[in-house]
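This is upload16.cif (mmCIF, C-alpha atoms (C1' of nucleotides)).
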```cif
data_input
#
loop_
_atom_site.label_atom_id
_atom_site.label_comp_id
_atom_site.auth_asym_id
_atom_site.auth_seq_id
_atom_site.Cartn_x
_atom_site.Cartn_y
_atom_site.Cartn_z
CA MET A 30 -8.85 -25.98 -33.98
CA ASP A 31 -10.57 -23.61 -31.68
CA LEU A 32 -10.95 -19.85 -31.74
CA ARG A 33 -9.86 -18.79 -28.31
CA ILE A 34 -10.62 -15.26 -27.30
CA THR A 35 -7.46 -14.14 -25.56
CA GLY A 36 -5.86 -10.81 -26.15
CA GLY A 37 -9.04 -8.90 -26.88
CA PHE A 38 -12.82 -8.81 -26.94
CA ALA A 39 -14.95 -11.31 -28.71
CA PRO A 40 -15.94 -9.83 -32.07
CA PRO A 41 -19.58 -8.67 -32.27
CA GLY A 42 -20.98 -11.38 -34.47
CA HIS A 43 -18.81 -14.26 -33.31
CA ASN A 44 -20.20 -17.74 -33.04
CA HIS A 45 -20.55 -17.95 -29.31
CA ARG A 46 -21.73 -21.51 -29.38
CA ARG A 47 -18.20 -22.35 -30.43
CA CYS A 48 -16.84 -20.52 -27.40
CA ILE A 49 -18.98 -22.69 -25.16
CA VAL A 50 -18.25 -25.96 -26.90
CA ASP A 51 -14.53 -25.29 -27.02
CA ALA A 52 -14.47 -24.24 -23.38
CA MET A 53 -16.25 -27.41 -22.30
CA ASP A 54 -13.90 -29.52 -24.42
CA ARG A 55 -10.84 -27.91 -22.90
CA ALA A 56 -12.28 -28.34 -19.42
CA ALA A 57 -12.91 -32.03 -20.02
CA GLN A 58 -9.40 -32.49 -21.35
CA VAL A 59 -7.70 -30.66 -18.53
CA CYS A 60 -9.69 -32.43 -15.84
CA ALA A 61 -9.09 -35.82 -17.39
CA ALA A 62 -5.39 -35.09 -17.63
CA ARG A 63 -5.07 -34.23 -13.97
CA GLY A 64 -7.64 -36.60 -12.52
CA ALA A 65 -10.00 -33.86 -11.44
CA ARG A 66 -13.66 -34.80 -11.45
CA LEU A 67 -15.73 -32.59 -13.69
CA THR A 68 -19.07 -33.71 -12.30
CA PRO A 69 -22.40 -32.85 -13.97
CA GLN A 70 -22.95 -30.18 -11.34
CA ARG A 71 -19.61 -28.50 -12.03
CA ARG A 72 -20.05 -28.91 -15.75
CA ARG A 73 -23.42 -27.20 -15.58
CA VAL A 74 -22.02 -24.25 -13.63
CA LEU A 75 -19.17 -23.90 -16.10
CA GLU A 76 -21.63 -23.93 -19.00
CA LEU A 77 -23.69 -21.20 -17.37
CA ILE A 78 -20.59 -19.07 -16.79
CA TRP A 79 -19.68 -19.50 -20.44
CA SER A 80 -23.16 -18.57 -21.61
CA SER A 81 -21.73 -15.11 -22.24
CA HIS A 82 -18.53 -13.14 -21.89
CA LYS A 83 -20.03 -11.21 -19.01
CA PRO A 84 -19.05 -12.08 -15.46
CA VAL A 85 -21.79 -13.76 -13.48
CA GLY A 86 -22.20 -13.78 -9.72
CA ALA A 87 -22.80 -16.81 -7.55
CA TYR A 88 -26.39 -15.85 -6.89
CA GLY A 89 -26.95 -15.25 -10.58
CA LEU A 90 -25.86 -18.83 -11.14
CA ILE A 91 -28.20 -20.04 -8.42
CA GLU A 92 -31.05 -18.23 -10.12
CA GLN A 93 -30.20 -19.63 -13.55
CA LEU A 94 -29.96 -23.13 -12.13
CA SER A 95 -33.28 -22.68 -10.40
CA GLU A 96 -34.87 -21.52 -13.67
CA SER A 97 -33.66 -24.69 -15.35
CA GLY A 98 -35.32 -26.74 -12.64
CA GLN A 99 -32.35 -27.36 -10.40
CA GLN A 100 -32.84 -25.95 -6.93
CA VAL A 101 -29.46 -25.44 -5.24
CA ALA A 102 -28.32 -23.64 -2.12
CA PRO A 103 -25.38 -21.22 -2.04
CA PRO A 104 -22.78 -23.69 -0.73
CA THR A 105 -23.38 -25.94 -3.70
CA VAL A 106 -22.60 -23.32 -6.28
CA TYR A 107 -19.74 -21.89 -4.25
CA ARG A 108 -18.20 -25.32 -4.07
CA ALA A 109 -18.50 -25.73 -7.81
CA LEU A 110 -16.89 -22.32 -8.23
CA ASP A 111 -14.07 -23.29 -5.87
CA PHE A 112 -13.37 -26.33 -7.99
CA LEU A 113 -13.44 -24.38 -11.24
CA LEU A 114 -11.18 -21.69 -9.81
CA ALA A 115 -8.76 -24.21 -8.38
CA ASN A 116 -8.47 -25.84 -11.78
CA GLY A 117 -8.08 -22.57 -13.62
CA LEU A 118 -11.29 -23.04 -15.60
CA VAL A 119 -12.75 -19.74 -14.45
CA HIS A 120 -11.40 -16.49 -13.05
CA ARG A 121 -12.82 -14.31 -10.34
CA ILE A 122 -13.27 -10.60 -11.06
CA GLU A 123 -12.64 -9.12 -7.64
CA ARG A 124 -14.29 -5.78 -8.13
CA LEU A 125 -17.48 -7.43 -9.37
CA ASN A 126 -17.63 -10.43 -7.06
CA ALA A 127 -18.28 -12.36 -10.23
CA PHE A 128 -16.79 -15.03 -12.42
CA VAL A 129 -15.81 -15.46 -16.08
CA GLY A 130 -14.66 -18.40 -18.07
CA CYS A 131 -10.95 -18.70 -18.77
CA PRO A 132 -9.99 -19.22 -22.42
CA GLU A 133 -6.47 -20.45 -21.61
CA VAL A 134 -6.76 -23.25 -19.12
CA GLU A 135 -3.61 -25.21 -19.85
CA GLN A 136 -1.28 -23.39 -17.49
CA ASP A 137 -1.77 -21.30 -14.43
CA HIS A 138 -1.60 -17.58 -15.06
CA ALA A 139 -2.59 -14.19 -13.69
CA PRO A 140 -4.00 -12.24 -16.61
CA GLN A 141 -5.22 -8.69 -16.98
CA PHE A 142 -8.95 -8.21 -17.32
CA LEU A 143 -10.51 -5.55 -19.48
CA ILE A 144 -14.02 -4.87 -18.22
CA CYS A 145 -16.40 -2.89 -20.38
CA GLY A 146 -18.36 -0.60 -18.11
CA ASP A 147 -20.99 -0.27 -20.80
CA CYS A 148 -21.93 -3.75 -22.00
CA GLY A 149 -20.24 -5.66 -19.18
CA ASP A 150 -18.17 -7.92 -21.41
CA VAL A 151 -14.77 -8.94 -20.12
CA ALA A 152 -11.66 -9.71 -22.15
CA GLU A 153 -8.63 -11.52 -20.85
CA LEU A 154 -5.21 -10.14 -21.69
CA ARG A 155 -1.75 -11.54 -21.14
CA GLU A 156 0.74 -8.75 -21.60
CA GLN A 157 4.17 -9.94 -20.65
CA SER A 158 5.25 -6.34 -20.21
CA VAL A 159 2.62 -5.78 -17.52
CA GLU A 160 3.81 -8.76 -15.53
CA ALA A 161 7.41 -7.64 -15.97
CA ALA A 162 6.67 -4.10 -14.79
CA ILE A 163 4.81 -5.36 -11.74
CA ALA A 164 7.64 -7.77 -10.99
CA ALA A 165 10.11 -4.89 -11.10
CA GLY A 166 8.00 -2.78 -8.78
CA ALA A 167 7.45 -5.62 -6.35
CA ARG A 168 11.14 -6.43 -6.28
CA SER A 169 12.11 -2.83 -5.66
CA ALA A 170 9.82 -2.85 -2.61
CA GLY A 171 11.29 -6.10 -1.33
CA PHE A 172 8.02 -7.89 -1.90
CA VAL A 173 8.28 -11.63 -2.44
CA GLY A 174 6.16 -14.60 -3.48
CA TRP A 175 3.49 -12.46 -4.97
CA ARG A 176 0.62 -12.81 -7.38
CA ALA A 177 -1.05 -9.86 -9.06
CA SER A 178 -4.57 -9.15 -10.22
CA VAL A 179 -5.11 -6.43 -12.78
CA GLU A 180 -8.60 -5.21 -13.56
CA VAL A 181 -9.14 -2.45 -16.06
CA VAL A 182 -12.51 -0.76 -16.37
CA GLY A 183 -13.26 1.14 -19.57
CA VAL A 184 -15.20 0.90 -22.80
CA CYS A 185 -14.75 -1.93 -25.27
CA PRO A 186 -14.22 -1.24 -28.99
CA GLU A 187 -17.75 -2.29 -29.85
CA CYS A 188 -19.38 0.06 -27.35
CA ALA A 189 -16.93 2.85 -28.13
CA GLY A 190 -17.74 2.48 -31.82
CA GLY A 191 -21.40 2.93 -31.07
CA ILE A 192 -20.74 6.24 -29.33
CA SER A 193 -18.46 7.88 -31.91
CA PRO A 194 -18.21 5.76 -35.05
CA MET B 30 8.28 18.20 5.83
CA ASP B 31 6.45 14.93 6.00
CA LEU B 32 7.59 11.37 5.54
CA ARG B 33 5.17 9.94 3.05
CA ILE B 34 5.16 6.24 2.59
CA THR B 35 4.85 5.80 -1.13
CA GLY B 36 6.89 3.35 -3.11
CA GLY B 37 7.24 0.78 -0.37
CA PHE B 38 6.23 -0.48 3.02
CA ALA B 39 6.44 1.58 6.16
CA PRO B 40 9.66 0.65 7.95
CA PRO B 41 9.16 -1.50 11.06
CA GLY B 42 9.85 1.05 13.73
CA HIS B 43 8.53 4.13 11.97
CA ASN B 44 6.77 6.85 13.89
CA HIS B 45 3.24 6.10 12.89
CA ARG B 46 1.81 9.05 14.76
CA ARG B 47 3.51 11.14 12.12
CA CYS B 48 1.74 9.19 9.38
CA ILE B 49 -1.58 10.03 10.96
CA VAL B 50 -0.85 13.66 11.65
CA ASP B 51 0.54 14.23 8.18
CA ALA B 52 -2.38 12.46 6.56
CA MET B 53 -4.89 14.58 8.45
CA ASP B 54 -2.98 17.73 7.56
CA ARG B 55 -2.93 16.86 3.90
CA ALA B 56 -6.64 16.01 4.00
CA ALA B 57 -7.46 19.35 5.60
CA GLN B 58 -5.40 21.17 3.01
CA VAL B 59 -6.85 19.37 0.05
CA CYS B 60 -10.43 19.77 1.23
CA ALA B 61 -9.95 23.44 1.99
CA ALA B 62 -8.42 23.99 -1.44
CA ARG B 63 -11.36 22.46 -3.25
CA GLY B 64 -14.18 23.54 -0.94
CA ALA B 65 -14.96 20.02 0.21
CA ARG B 66 -16.30 19.74 3.73
CA LEU B 67 -14.17 17.55 5.94
CA THR B 68 -16.75 17.24 8.69
CA PRO B 69 -15.93 15.78 12.14
CA GLN B 70 -17.60 12.56 11.10
CA ARG B 71 -15.49 12.19 7.98
CA ARG B 72 -12.38 13.29 9.81
CA ARG B 73 -12.97 10.64 12.43
CA VAL B 74 -13.36 7.90 9.83
CA LEU B 75 -10.20 9.01 8.08
CA GLU B 76 -8.29 8.94 11.37
CA LEU B 77 -9.49 5.41 12.05
CA ILE B 78 -8.45 4.28 8.59
CA TRP B 79 -5.01 5.78 9.18
CA SER B 80 -4.68 4.12 12.56
CA SER B 81 -2.59 1.52 10.76
CA HIS B 82 -1.34 0.60 7.31
CA LYS B 83 -3.76 -2.30 7.21
CA PRO B 84 -6.97 -1.99 5.22
CA VAL B 85 -10.08 -1.74 7.33
CA GLY B 86 -13.60 -2.73 6.32
CA ALA B 87 -16.71 -0.62 6.71
CA TYR B 88 -18.03 -2.77 9.53
CA GLY B 89 -14.67 -2.63 11.24
CA LEU B 90 -14.99 1.13 11.24
CA ILE B 91 -18.51 0.91 12.63
CA GLU B 92 -17.21 -1.26 15.44
CA GLN B 93 -14.32 1.08 16.22
CA LEU B 94 -16.66 4.06 16.22
CA SER B 95 -19.03 2.22 18.51
CA GLU B 96 -16.16 1.41 20.89
CA SER B 97 -15.31 5.08 21.11
CA GLY B 98 -18.89 5.85 22.05
CA GLN B 99 -20.25 6.84 18.66
CA GLN B 100 -23.07 4.60 17.55
CA VAL B 101 -23.45 4.79 13.76
CA ALA B 102 -25.37 2.76 11.20
CA PRO B 103 -23.82 1.39 8.00
CA PRO B 104 -25.04 4.18 5.69
CA THR B 105 -23.24 6.77 7.77
CA VAL B 106 -19.86 5.18 7.45
CA TYR B 107 -20.41 4.26 3.82
CA ARG B 108 -21.22 7.88 3.09
CA ALA B 109 -18.07 9.02 4.81
CA LEU B 110 -16.13 6.48 2.78
CA ASP B 111 -17.76 7.70 -0.42
CA PHE B 112 -16.63 11.20 0.37
CA LEU B 113 -13.09 10.13 1.22
CA LEU B 114 -12.87 8.02 -1.93
CA ALA B 115 -14.25 10.79 -4.11
CA ASN B 116 -11.64 13.14 -2.78
CA GLY B 117 -8.81 10.67 -3.14
CA LEU B 118 -8.11 10.54 0.59
CA VAL B 119 -8.51 6.79 0.76
CA HIS B 120 -8.35 3.90 -1.66
CA ARG B 121 -10.47 0.83 -1.83
CA ILE B 122 -8.80 -2.57 -1.95
CA GLU B 123 -11.24 -4.51 -4.09
CA ARG B 124 -10.21 -7.99 -3.14
CA LEU B 125 -10.53 -7.20 0.56
CA ASN B 126 -13.61 -5.01 0.51
CA ALA B 127 -11.57 -2.68 2.65
CA PHE B 128 -9.99 0.74 2.67
CA VAL B 129 -6.56 2.26 3.23
CA GLY B 130 -5.37 5.81 3.54
CA CYS B 131 -3.76 7.41 0.50
CA PRO B 132 -0.34 8.99 1.07
CA GLU B 133 -0.44 11.05 -2.15
CA VAL B 134 -3.68 12.97 -2.18
CA GLU B 135 -2.73 15.92 -4.34
CA GLN B 136 -3.60 14.45 -7.70
CA ASP B 137 -5.85 11.67 -8.83
CA HIS B 138 -4.05 8.44 -9.53
CA ALA B 139 -4.49 4.69 -9.88
CA PRO B 140 -1.65 3.10 -7.96
CA GLN B 141 -0.55 -0.46 -7.49
CA PHE B 142 -1.15 -2.00 -4.09
CA LEU B 143 1.19 -4.46 -2.46
CA ILE B 144 -0.73 -6.47 0.09
CA CYS B 145 1.17 -8.54 2.61
CA GLY B 146 -0.73 -11.76 3.06
CA ASP B 147 1.06 -12.29 6.35
CA CYS B 148 0.79 -9.09 8.41
CA GLY B 149 -1.89 -7.44 6.28
CA ASP B 150 0.00 -4.20 5.69
CA VAL B 151 -0.50 -2.49 2.35
CA ALA B 152 1.97 -0.38 0.44
CA GLU B 153 1.08 1.94 -2.38
CA LEU B 154 3.27 1.93 -5.46
CA ARG B 155 3.31 4.16 -8.51
CA GLU B 156 5.32 2.47 -11.18
CA GLN B 157 5.09 4.43 -14.37
CA SER B 158 6.13 1.34 -16.31
CA VAL B 159 3.11 -0.58 -15.03
CA GLU B 160 0.72 2.10 -16.17
CA ALA B 161 2.50 2.29 -19.51
CA ALA B 162 2.33 -1.46 -20.05
CA ILE B 163 -1.36 -1.56 -19.19
CA ALA B 164 -1.98 1.39 -21.49
CA ALA B 165 -0.27 -0.46 -24.32
CA GLY B 166 -2.32 -3.59 -23.73
CA ALA B 167 -5.56 -1.67 -23.49
CA ARG B 168 -4.82 0.26 -26.66
CA SER B 169 -4.00 -2.91 -28.57
CA ALA B 170 -7.41 -4.28 -27.60
CA GLY B 171 -9.19 -1.09 -28.67
CA PHE B 172 -10.16 -0.36 -25.10
CA VAL B 173 -10.76 3.31 -24.28
CA GLY B 174 -11.35 5.60 -21.33
CA TRP B 175 -10.07 3.10 -18.88
CA ARG B 176 -8.84 3.05 -15.31
CA ALA B 177 -6.88 0.16 -13.86
CA SER B 178 -6.61 -1.35 -10.43
CA VAL B 179 -3.59 -3.47 -9.61
CA GLU B 180 -3.50 -5.52 -6.45
CA VAL B 181 -0.50 -7.68 -5.64
CA VAL B 182 -0.66 -10.21 -2.83
CA GLY B 183 2.61 -11.47 -1.40
CA VAL B 184 4.90 -11.13 1.58
CA CYS B 185 6.38 -7.81 2.68
CA PRO B 186 10.12 -7.43 3.41
CA GLU B 187 9.53 -7.35 7.15
CA CYS B 188 7.56 -10.62 7.20
CA ALA B 189 9.86 -12.25 4.66
CA GLY B 190 12.86 -11.30 6.79
CA GLY B 191 11.29 -13.06 9.74
CA ILE B 192 11.04 -16.29 7.78
CA SER B 193 14.55 -16.40 6.28
CA PRO B 194 16.73 -13.58 7.61
"C1'" DT C 18 -17.09 -55.95 -0.77
"C1'" DC C 19 -15.64 -52.89 2.24
"C1'" DC C 20 -13.12 -48.63 3.14
"C1'" DA C 21 -11.77 -44.04 2.65
"C1'" DA C 22 -12.05 -40.05 0.16
"C1'" DT C 23 -14.59 -36.96 -2.27
"C1'" DA C 24 -18.73 -34.63 -3.52
"C1'" DC C 25 -23.31 -33.00 -2.50
"C1'" DG C 26 -27.48 -31.50 0.49
"C1'" DT C 27 -29.36 -28.55 4.17
"C1'" DT C 28 -29.84 -25.12 7.65
"C1'" DA C 29 -28.28 -21.34 9.69
"C1'" DT C 30 -25.61 -17.36 9.93
"C1'" DA C 31 -21.79 -14.04 9.00
"C1'" DG C 32 -20.25 -10.20 6.30
"C1'" DT C 33 -20.82 -6.36 2.82
"C1'" DA C 34 -23.64 -2.70 0.78
"C1'" DT C 35 -27.58 0.25 -0.49
"C1'" DA C 36 -32.57 2.12 -0.91
"C1'" DA C 37 -35.74 5.25 0.85
"C1'" DC C 38 -37.22 8.69 3.65
"C1'" DA C 39 -36.89 11.91 7.73
"C1'" DA C 40 -34.34 15.26 10.46
"C1'" DA C 41 -30.72 18.41 11.22
"C1'" DT C 42 -27.10 21.42 9.89
"C1'" DA C 43 -24.31 24.63 7.14
"C1'" DG C 44 -23.71 28.08 3.54
"C1'" DT C 45 -25.82 31.91 0.66
"C1'" DG C 46 -27.99 36.03 -0.47
"C1'" DT C 47 -30.95 39.62 1.27
"C1'" DA D 3 -30.57 38.44 11.73
"C1'" DC D 4 -33.68 35.98 8.37
"C1'" DA D 5 -35.33 32.86 5.35
"C1'" DC D 6 -33.96 29.73 1.68
"C1'" DT D 7 -31.50 26.03 -0.24
"C1'" DA D 8 -28.23 22.50 -0.49
"C1'" DT D 9 -25.71 19.32 1.90
"C1'" DT D 10 -25.03 16.26 5.53
"C1'" DT D 11 -26.55 13.01 8.92
"C1'" DG D 12 -29.94 9.74 11.20
"C1'" DT D 13 -32.94 5.62 10.91
"C1'" DT D 14 -35.12 1.52 9.32
"C1'" DA D 15 -35.32 -1.97 6.43
"C1'" DT D 16 -33.46 -4.92 3.11
"C1'" DA D 17 -30.52 -6.75 -0.72
"C1'" DC D 18 -26.45 -9.05 -1.94
"C1'" DT D 19 -22.25 -12.00 -1.11
"C1'" DA D 20 -20.08 -15.79 1.34
"C1'" DT D 21 -19.11 -19.51 4.68
"C1'" DA D 22 -19.63 -22.66 8.97
"C1'" DA D 23 -21.16 -26.91 10.49
"C1'" DC D 24 -23.06 -31.08 10.01
"C1'" DG D 25 -25.19 -34.98 7.66
"C1'" DT D 26 -25.82 -37.97 3.42
"C1'" DA D 27 -24.54 -39.96 -0.84
"C1'" DT D 28 -21.50 -41.25 -4.26
"C1'" DT D 29 -17.12 -42.61 -6.15
"C1'" DG D 30 -12.81 -45.08 -6.80
"C1'" DG D 31 -9.52 -48.16 -5.09
"C1'" DA D 32 -7.47 -51.89 -1.82
#
```

Could you take the file, read its structure, and then write that structure out as structure tokens?
Amino acid sequence: MDLRITGGFAPPGHNHRRCIVDAMDRAAQVCAARGARLTPQRRRVLELIWSSHKPVGAYGLIEQLSESGQQVAPPTVYRALDFLLANGLVHRIERLNAFVGCPEVEQDHAPQFLICGDCGDVAELREQSVEAAIAAGARSAGFVGWRASVEVVGVCPECAGGISP
Amino acid sequence: MDLRITGGFAPPGHNHRRCIVDAMDRAAQVCAARGARLTPQRRRVLELIWSSHKPVGAYGLIEQLSESGQQVAPPTVYRALDFLLANGLVHRIERLNAFVGCPEVEQDHAPQFLICGDCGDVAELREQSVEAAIAAGARSAGFVGWRASVEVVGVCPECAGGISP
DNA sequence: TCCAATACGTTATAGTATAACAAATAGTGT
DNA sequence: ACACTATTTGTTATACTATAACGTATTGGA
């Protein structure tokens, strides 16, 4: 059993090592199932992305890799990111030009992201009602074949608690 | 009376000159009302943004300005954009790093954008149900003080009609 | 084992955005 | 009209994000 963080923020004192381990397990499973090659390079990038619940940019990854002795150029990490995105293992936060791990890799989805403007943590939400409302709006405008990205910037419970407990 | 395009895409043969004129009128009104200075520079940038319903990037604006004889450096146009954004005269499309004119400048709002992946046109939607659904999701996650951006990529009625009429 | 596909390395460059400081201009009160 | 102050604009340099183009290596299968 794994403790996936979907539907809200990771609790303050949660065992994040579990997040990482579970994420890597799921990634291995999914890739094996579909014959996608989770190479050491890609695995390493995924691990770095999962090192926190904060989105990380491509050049942040390059720096982290460099610090751990692996000198890579931008195309290398962008290619790893392309693979991870294509396989639904990470999501891209458009407004941040950054990437977060996906806690629900089994099926393709377009979640809502809650981005804490204070601590930077991101939570992934899947509100059916949001998708339904967007679908209704799109249909009324005659829009077809669409895919939506929803990014919500605010303050997470933890940070809000700190301000007015 | 003006024909604001909110709630859907601009119809194929619409009189776009009216879009521009109306947008500039509204901008002048709003700025006058709140004592914001719509300088020639800012006015020019707003006109260029309204020259179509397609988002335009900062460097696209610089190029257009340069073509019309005005040589400006990036900070100039970014400052104009900051002003226009702050006063709700334009919106930023995060996933495109580009800007579109806002057809509803009177009050602050966070609309949904329908982006045609074919022709590039963008429509601004304000579905109350979308905002409500996001609000519900955010509340359930303990998220506070938020603001959402919704960007939907698909095919507009016009382009879809061309494919299967 | 050889072939073809896939992944990775490398260099250069395109595209987006801002920092920092100087100069000019507009609005305010006298 | 005058000086004062705030705002706007100009200028240079630079940071950050992303991809093109080409070559090499590795992998998996016929």

Resolved residues for the PyMOL selection byres ((chain B) within 12 of (chain D)) as a JSON list (two decimals) with C-alpha atoms, keeping the file's coordinate frame:
```
[["chain", "number", "residue", "atom", "x", "y", "z"],
["B", 65, "ALA", "CA", -14.96, 20.02, 0.21],
["B", 66, "ARG", "CA", -16.30, 19.74, 3.73],
["B", 67, "LEU", "CA", -14.17, 17.55, 5.94],
["B", 68, "THR", "CA", -16.75, 17.24, 8.69],
["B", 69, "PRO", "CA", -15.93, 15.78, 12.14],
["B", 70, "GLN", "CA", -17.60, 12.56, 11.10],
["B", 71, "ARG", "CA", -15.49, 12.19, 7.98],
["B", 100, "GLN", "CA", -23.07, 4.60, 17.55],
["B", 101, "VAL", "CA", -23.45, 4.79, 13.76],
["B", 102, "ALA", "CA", -25.37, 2.76, 11.20],
["B", 103, "PRO", "CA", -23.82, 1.39, 8.00],
["B", 104, "PRO", "CA", -25.04, 4.18, 5.69],
["B", 105, "THR", "CA", -23.24, 6.77, 7.77],
["B", 106, "VAL", "CA", -19.86, 5.18, 7.45],
["B", 107, "TYR", "CA", -20.41, 4.26, 3.82],
["B", 108, "ARG", "CA", -21.22, 7.88, 3.09],
["B", 109, "ALA", "CA", -18.07, 9.02, 4.81],
["B", 112, "PHE", "CA", -16.63, 11.20, 0.37],
["B", 126, "ASN", "CA", -13.61, -5.01, 0.51]]
```

Query - Who sits within 8 Å of stretch 180-185 of chain B, only C-alpha atoms (C1' of nucleotides), same chain under 5 positions skipped, as number ranges by chain - result: A: 171-179; B: 38, 122, 124, 141-147, 150

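Interatomic distance, atom CA of A:Glu160 to atom CA of A:Ala139: 8.6 Å.
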
**Report entry** Chain and number of each residue from the PyMOL selection byres ((chain B and resi 75) around 10), as a list of chain:residue names
**Finding:** B:Ile49, B:Ala52, B:Met53, B:Ala56, B:Leu67, B:Pro69, B:Gln70, B:Arg71, B:Arg72, B:Arg73, B:Val74, B:Glu76, B:Leu77, B:Ile78, B:Trp79, B:Ser80, B:Leu90, B:Ala109, B:Leu110, B:Leu113, B:Leu118, B:Val119, B:Phe128, B:Val129, B:Gly130

Requested in this report: Check every residue of chain C for an atom within 9 Å of chain A, counting only C-alpha atoms (C1' of nucleotides), and provide those that qualify as an NGL selection string.
Outcome: :C and (24-27)

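Note that atom CA of A:Gly42 and atom CA of A:Cys131 are 20.0 Å apart.
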
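Coordinates place atom CA of A:Gly86 at a distance of 21.6 Å from atom CA of A:His138.
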
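With distances taken over only C-alpha atoms, B:Gly190 is the one residue among B:Pro132, B:Pro84, B:Gly190, B:Gly149 lying closest to chain A.
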
Query raised in the report: Contacts of B:Gly37 at 7 Å or less, counting all atoms listed in the file, minus same-chain residues fewer than 5 places along, as a ChimeraX atom specification?
Result: /A:170 /B:152-154

Query - Nearest residue to chain A from the set B:Gly36, B:Gly98, B:Asp51, B:Val134 (distances using only C-alpha atoms) - result: B:Gly36

Query raised in the report: Which residue out of A:Ala39, A:Val59, A:Glu92, A:Asn116 has the minimum interatomic distance to chain B when only C-alpha atoms are used?
Result: A:Ala39

Missing atoms of stretch 178-192 of chain B rebuilt to N, CA and C atoms, written as an mmCIF file, keeping the file's coordinate frame:
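Output below, filename out-v9.cif:
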```cif
data_model
loop_
_atom_site.group_PDB
_atom_site.id
_atom_site.type_symbol
_atom_site.label_atom_id
_atom_site.label_comp_id
_atom_site.auth_asym_id
_atom_site.auth_seq_id
_atom_site.Cartn_x
_atom_site.Cartn_y
_atom_site.Cartn_z
ATOM 1 N N SER B 178 -6.984 -1.081 -11.814
ATOM 2 C CA SER B 178 -6.610 -1.350 -10.430
ATOM 3 C C SER B 178 -5.690 -2.560 -10.405
ATOM 4 N N VAL B 179 -4.596 -2.407 -9.692
ATOM 5 C CA VAL B 179 -3.590 -3.470 -9.610
ATOM 6 C C VAL B 179 -3.389 -3.822 -8.146
ATOM 7 N N GLU B 180 -3.654 -5.063 -7.828
ATOM 8 C CA GLU B 180 -3.500 -5.520 -6.450
ATOM 9 C C GLU B 180 -2.585 -6.732 -6.424
ATOM 10 N N VAL B 181 -1.511 -6.628 -5.682
ATOM 11 C CA VAL B 181 -0.500 -7.680 -5.640
ATOM 12 C C VAL B 181 -0.459 -8.258 -4.232
ATOM 13 N N VAL B 182 -0.709 -9.552 -4.129
ATOM 14 C CA VAL B 182 -0.660 -10.210 -2.830
ATOM 15 C C VAL B 182 0.651 -10.971 -2.709
ATOM 16 N N GLY B 183 1.342 -10.780 -1.607
ATOM 17 C CA GLY B 183 2.610 -11.470 -1.400
ATOM 18 C C GLY B 183 3.051 -11.314 0.031
ATOM 19 N N VAL B 184 4.356 -11.267 0.230
ATOM 20 C CA VAL B 184 4.900 -11.130 1.580
ATOM 21 C C VAL B 184 5.826 -9.919 1.621
ATOM 22 N N CYS B 185 5.597 -9.042 2.573
ATOM 23 C CA CYS B 185 6.380 -7.810 2.680
ATOM 24 C C CYS B 185 7.781 -8.127 3.208
ATOM 25 N N PRO B 186 8.729 -7.211 3.003
ATOM 26 C CA PRO B 186 10.120 -7.430 3.410
ATOM 27 C C PRO B 186 10.218 -7.810 4.883
ATOM 28 N N GLU B 187 9.494 -7.105 5.710
ATOM 29 C CA GLU B 187 9.530 -7.350 7.150
ATOM 30 C C GLU B 187 9.158 -8.797 7.465
ATOM 31 N N CYS B 188 8.014 -9.252 6.938
ATOM 32 C CA CYS B 188 7.560 -10.620 7.200
ATOM 33 C C CYS B 188 8.472 -11.648 6.536
ATOM 34 N N ALA B 189 8.951 -11.327 5.352
ATOM 35 C CA ALA B 189 9.860 -12.250 4.660
ATOM 36 C C ALA B 189 11.151 -12.382 5.440
ATOM 37 N N GLY B 190 11.641 -11.283 5.980
ATOM 38 C CA GLY B 190 12.860 -11.300 6.790
ATOM 39 C C GLY B 190 12.707 -12.208 7.987
ATOM 40 N N GLY B 191 11.533 -12.208 8.581
ATOM 41 C CA GLY B 191 11.290 -13.060 9.740
ATOM 42 C C GLY B 191 11.390 -14.528 9.420
ATOM 43 N N ILE B 192 11.039 -14.878 8.177
ATOM 44 C CA ILE B 192 11.040 -16.290 7.780
ATOM 45 C C ILE B 192 12.467 -16.768 7.460
#
```
